[in-house]
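S.K.: My questions all concern the structure below.
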Amino acid sequence: MKHLVLLCDGMSDRPVRELGGLTPMEAAKKPHMDRLCATAELGMVKTVQDDMPPGSDVANLSVLGYDPGVYYSGRSPLEAAGAGVTMKPSDVSFRCNLVTLSDEPDFRGKTMLDYCAGDISSEEADVLIKFIDENLSKPPFKFHSGVSYRHLLIRDNGTLEVGALTPPHDILDKKIADYINPNPHSHELYALMEKSAELLKNHPVNLERVKNGKRPANSIWLWGEGKSRAFPSFREKFGLTGAMISAVDLLKGIGKSVGMDVINVPGATGYLDTNFEGKANAAIAALKAGADLVYLHVEAPDECGHRAEVAGKVKAIELIDERILKLVLDAFEHEPIKILICPDHPTPLELRTHTNEPVPFLIYDSRADFSGAGATTFTERTTTESSLYLPFGHELMDRFVSVD
């Protein structure tokens with residue numbers, strides 16, 4: 001039996017005024033997801049417990065079947081694994097965003113305008129991070145370039161006792177002074193951020209971006225601290241070989257950490273312009289070649305949620321349905337397959353950040369019929385009406401791979 005997890009990052013939402021009180025899942029035209037409802041098992045699952053941060057790291061570990069309360073040790077070590085950065089046991093890693101801050105002269109007086117520096121390209125970002133590395137990397141610090149706005153800082157012999165380092169997407173349009181904590185171990189981190197703002201404000205890459213009407217990447221922002229740890233392999237836990245497909249280092253790192261094959265798809269960006277068909281075809285090829293399970297992660301709904309792009313989030317769901325799910329269903333029309341479709345967490349448009357509310361899920365088995373729910377569409381509302389509720393997200397994978 002072949003298994004596909006179609007992880008639609010941040011897809012679930014709350015009713016949206018611009019959509020007439022519908023959620024993006026309700027407003028989207030997604031005939032293939034909805035068609036599966038006729039025989040699928042529907043339910044809700046709590047992927048992030050109330051005592052944990054509602055990030056994609058925690059939520060995706062949960063969906064993958066790894067209890068975050070046991071296995072979670074921070075976001076950035078997973079991203080380091082995805083980027084091929086080897087960490088020593090004494091190392092502490094930090095996620096390093098390139099961001100856009102307002103132009104007040106005092107660093108603490110600045111406002112977080114954009115957590116991703118206007119979707120800065122990987123090529124531009126690589127130049128800036130290497131410039132930061134040349135100027136700010138001295139023992140115990142080392143910067144590593146990543147993809148688009150997502151990068152890494154490694155501190156040798158570091159501590160996790162740095163207080164609250166707030167994700168930049170949680171403080172959009174807010175003064176950063178309110179999110180600079182007084183913990184003495186974080187002082188050196190904020191000093192690096194402040195120095196980066198001085199270094200980047202007149203960098204040629206940023207001057208050119210401003211000239212072209214784009215937002216400058218005029219500071220770094222550090223968060224998501226953690227230390228690396230070992231995981232039992234996915235095959236050891238579930239008896240299945242697995243592959244991971246994603247545009248982002250976080251998911252690639254999770255895949256590598258649990259022993260999955262990580263498949264890189266040309267043109268996979270994490271946005272609405274991502275190579276949807278390429279991801280679908282890579283998943284189909286991996287399953288046909290012998291993989292038991294493919295975890296296909298699509299970032300686009302989450303990015304639209306962070307930016308409050310209502311039409312974009314609806315479009316992202318429609319593109320997943322038409323350009324990924326349809327291709328998979330056509331490829332396995334005459335072969336047995338099981339498909340799990342779910343978000344990792346909600347990213348409500350009204351909040352522009354993640355929440356830990358339960359998320360809807362759909363389990364389709366081409367050999368089975370779970371039509372008792374009687375739903376005709378896959379939405380937050382129809383899955384809430386189902387009697388199936390999983391209070392712990394890591395229970396979902398076991399249900400998916402074992403239930404018939």
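Residue numbering restarts at 1 for every chain of the structure tokens, chains are lettered A, B, ... in their displayed order, and ligands are numbered from 1 as they appear.
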With 10 Å as the cut-off and only C-alpha atoms counted, what is the closest atom pair between each nearby residue of stretch 28-141 of chain A and stretch 256-275 of chain A? Distances in Å to one decimal, ordered by chain and number, as a tab-separated table.
M.R.:
residue	atom	partner	partner_atom	distance
A:Leu61	CA	A:Val258	CA	9.9
A:Leu64	CA	A:Val258	CA	9.5
A:Tyr66	CA	A:Val258	CA	9.5
A:Pro77	CA	A:Ser257	CA	9.8
A:Leu78	CA	A:Ser257	CA	7.4
A:Ala81	CA	A:Lys256	CA	6.8
A:Gly82	CA	A:Lys256	CA	6.7
A:Gly84	CA	A:Lys256	CA	9.5
A:Asp119	CA	A:Tyr271	CA	9.3
A:Ser121	CA	A:Thr269	CA	9.9
A:Ser122	CA	A:Thr269	CA	9.9
S.K.: Write down as an NGL selection string the residues belonging to stretch 106-231 of chain A that are assigned helix (DSSP H, G or I) by DSSP computed on the backbone.
M.R.: :A and (107-109 or 122-136 or 168-170 or 176-179 or 184-200 or 204-211)
S.K.: Work out how far atom CA of A:Gly224 is from atom CA of A:His306, in Å to one decimal.
M.R.: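 The value is 17.5 Å.
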S.K.: Counting only C-alpha atoms, which residue out of A:Thr384, A:Ser402, A:Thr347, A:Ser73 sits closest to A:Ala230?
M.R.: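 Closest to A:Ala230, using only C-alpha atoms: A:Ser73.
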S.K.: Of the candidates A:Gly255, A:Leu153, A:Glu161, A:Leu128, which shows the shortest atom-to-atom distance to A:His203, using only C-alpha atoms?
M.R.: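 Closest candidate: A:Leu128.
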S.K.: To one decimal place, how far is atom CA of A:Ala164 from atom CA of A:Val63 in Å?
M.R.: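 Distance reported for this atom pair: 25.4 Å.
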S.K.: Can you list every residue of stretch 313-356 of chain A that has an atom at most 10 Å from stretch 30-45 of chain A, with its nearest atom pair and the distance in Å to one decimal, using only C-alpha atoms, ordered by chain then number, as CSV?
M.R.:
residue,atom,partner,partner_atom,distance
A:Val314,CA,A:Lys30,CA,9.8
A:Lys315,CA,A:Lys30,CA,9.9
A:Ile317,CA,A:Lys30,CA,7.2
A:Glu318,CA,A:Lys30,CA,5.4
A:Leu319,CA,A:Lys30,CA,8.4
A:Ile320,CA,A:Lys30,CA,8.4
A:Asp321,CA,A:Lys30,CA,5.4
A:Glu322,CA,A:Lys30,CA,7.2
A:Ile324,CA,A:His32,CA,9.9
A:Leu325,CA,A:His32,CA,6.9
A:Lys326,CA,A:His32,CA,6.4
A:Leu329,CA,A:His32,CA,8.5
A:Lys338,CA,A:Ala40,CA,9.9
A:Ile339,CA,A:Ala40,CA,9.3
A:Leu340,CA,A:Glu41,CA,9.5
A:Ile341,CA,A:Met33,CA,8.3
A:Cys342,CA,A:Val45,CA,9.3
A:Pro343,CA,A:Val45,CA,9.9
A:Asp344,CA,A:Val45,CA,9.6
A:His345,CA,A:Val45,CA,9.7
S.K.: When you look at stretch 132-145 of chain A with a cut-off of 9 Å (counting only C-alpha atoms), what residues show up, excluding the ones that are within fewer than 6 positions of it in the same chain? I need them as number ranges by chain.
M.R.: A: 80, 83, 85, 96, 122, 125-126, 151-158, 192, 195-196, 199-200
S.K.: Take the residues from that selection and write them out as an mmCIF file, in the first residue's frame, keeping C-alpha atoms.
M.R.:
data_model
loop_
_atom_site.group_PDB
_atom_site.id
_atom_site.type_symbol
_atom_site.label_atom_id
_atom_site.label_comp_id
_atom_site.auth_asym_id
_atom_site.auth_seq_id
_atom_site.Cartn_x
_atom_site.Cartn_y
_atom_site.Cartn_z
ATOM 1 C CA ALA A 80 20.381 23.244 10.178
ATOM 2 C CA ALA A 83 20.687 22.967 5.137
ATOM 3 C CA VAL A 85 24.981 22.290 8.619
ATOM 4 C CA CYS A 96 18.205 34.119 11.249
ATOM 5 C CA SER A 122 17.996 33.516 -2.487
ATOM 6 C CA ALA A 125 20.064 37.013 0.369
ATOM 7 C CA ASP A 126 23.199 34.941 -0.133
ATOM 8 C CA HIS A 151 19.150 31.609 7.374
ATOM 9 C CA LEU A 152 21.064 30.321 10.396
ATOM 10 C CA LEU A 153 23.377 31.455 13.155
ATOM 11 C CA ILE A 154 25.385 28.868 15.102
ATOM 12 C CA ARG A 155 26.878 29.717 18.496
ATOM 13 C CA ASP A 156 29.592 27.464 19.833
ATOM 14 C CA ASN A 157 29.190 26.398 23.459
ATOM 15 C CA GLY A 158 25.900 28.265 23.716
ATOM 16 C CA LEU A 192 24.303 41.328 16.501
ATOM 17 C CA LYS A 195 25.050 45.825 14.183
ATOM 18 C CA SER A 196 23.466 44.092 11.202
ATOM 19 C CA LEU A 199 25.795 47.184 8.059
ATOM 20 C CA LEU A 200 22.845 46.480 5.787
#
S.K.: Taking a cut-off of 12 Å and counting only C-alpha atoms, can you build a table that, for each residue of stretch 154-269 of chain A near stretch 349-353 of chain A, reports the nearest atom pair and how far apart they are in Å (one decimal), sorted by chain then residue number, as a Markdown table?
M.R.:
| residue | atom | partner | partner_atom | distance |
| --- | --- | --- | --- | --- |
| A:Thr166 | CA | A:Thr353 | CA | 11.9 |
| A:Pro167 | CA | A:Thr353 | CA | 9.6 |
| A:Pro168 | CA | A:Thr353 | CA | 9.8 |
| A:His169 | CA | A:Thr353 | CA | 6.3 |
| A:Asp170 | CA | A:Thr353 | CA | 5.8 |
| A:Ile171 | CA | A:Thr353 | CA | 9.0 |
| A:Leu172 | CA | A:Arg352 | CA | 8.2 |
| A:Asp173 | CA | A:Arg352 | CA | 10.9 |
S.K.: Could you check the closest approach to A:Asn181 for each of A:Arg108, A:Phe332, A:Asp13, A:Gly213 and tell me which residue wins, using only C-alpha atoms?
M.R.: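 Of all the options, A:Arg108 lies closest to A:Asn181.
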S.K.: Name all residues at most 9 Å from A:Gly74 (count only C-alpha atoms; drop same-chain ones fewer than 4 positions away) and give them as a list in words.
M.R.: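 The residues satisfying every condition are Asp57, Val58, Leu78, Ser93, Phe94, Gly224, Glu225, Gly226, Lys227 and Ser228 of chain A.
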S.K.: Could those residues be written to a file, using N, CA, C and O atoms, as a PDB file, in the first residue's frame?
M.R.:
ATOM      1  N   ASP A  57       7.442  23.764  13.071  1.00  0.00           N
ATOM      2  CA  ASP A  57       8.341  22.724  13.580  1.00  0.00           C
ATOM      3  C   ASP A  57       7.589  21.755  14.486  1.00  0.00           C
ATOM      4  O   ASP A  57       7.555  20.539  14.241  1.00  0.00           O
ATOM      5  N   VAL A  58       6.944  22.302  15.507  1.00  0.00           N
ATOM      6  CA  VAL A  58       6.176  21.484  16.443  1.00  0.00           C
ATOM      7  C   VAL A  58       5.049  20.750  15.710  1.00  0.00           C
ATOM      8  O   VAL A  58       4.850  19.543  15.872  1.00  0.00           O
ATOM      9  N   LEU A  78      16.579  21.720  13.341  1.00  0.00           N
ATOM     10  CA  LEU A  78      15.963  21.011  12.232  1.00  0.00           C
ATOM     11  C   LEU A  78      16.292  21.700  10.910  1.00  0.00           C
ATOM     12  O   LEU A  78      16.551  21.045   9.894  1.00  0.00           O
ATOM     13  N   SER A  93      21.845  26.668  17.874  1.00  0.00           N
ATOM     14  CA  SER A  93      21.515  27.301  16.593  1.00  0.00           C
ATOM     15  C   SER A  93      20.359  28.279  16.784  1.00  0.00           C
ATOM     16  O   SER A  93      19.548  28.149  17.709  1.00  0.00           O
ATOM     17  N   PHE A  94      20.301  29.259  15.879  1.00  0.00           N
ATOM     18  CA  PHE A  94      19.233  30.248  15.862  1.00  0.00           C
ATOM     19  C   PHE A  94      18.780  30.440  14.426  1.00  0.00           C
ATOM     20  O   PHE A  94      19.602  30.486  13.508  1.00  0.00           O
ATOM     21  N   GLY A 224      14.112  31.112  17.487  1.00  0.00           N
ATOM     22  CA  GLY A 224      14.039  29.664  17.245  1.00  0.00           C
ATOM     23  C   GLY A 224      15.252  28.894  17.712  1.00  0.00           C
ATOM     24  O   GLY A 224      15.701  27.957  17.048  1.00  0.00           O
ATOM     25  N   GLU A 225      15.789  29.231  18.884  1.00  0.00           N
ATOM     26  CA  GLU A 225      16.999  28.592  19.390  1.00  0.00           C
ATOM     27  C   GLU A 225      16.796  27.106  19.670  1.00  0.00           C
ATOM     28  O   GLU A 225      15.679  26.659  19.962  1.00  0.00           O
ATOM     29  N   GLY A 226      17.881  26.335  19.581  1.00  0.00           N
ATOM     30  CA  GLY A 226      17.771  24.914  19.883  1.00  0.00           C
ATOM     31  C   GLY A 226      19.102  24.192  19.760  1.00  0.00           C
ATOM     32  O   GLY A 226      20.092  24.728  19.253  1.00  0.00           O
ATOM     33  N   LYS A 227      19.111  22.954  20.239  1.00  0.00           N
ATOM     34  CA  LYS A 227      20.258  22.058  20.118  1.00  0.00           C
ATOM     35  C   LYS A 227      19.833  20.819  19.337  1.00  0.00           C
ATOM     36  O   LYS A 227      18.674  20.409  19.397  1.00  0.00           O
ATOM     37  N   SER A 228      20.781  20.230  18.641  1.00  0.00           N
ATOM     38  CA  SER A 228      20.454  19.054  17.839  1.00  0.00           C
ATOM     39  C   SER A 228      20.209  17.850  18.745  1.00  0.00           C
ATOM     40  O   SER A 228      20.721  17.777  19.867  1.00  0.00           O
TER      41      SER A 228
END
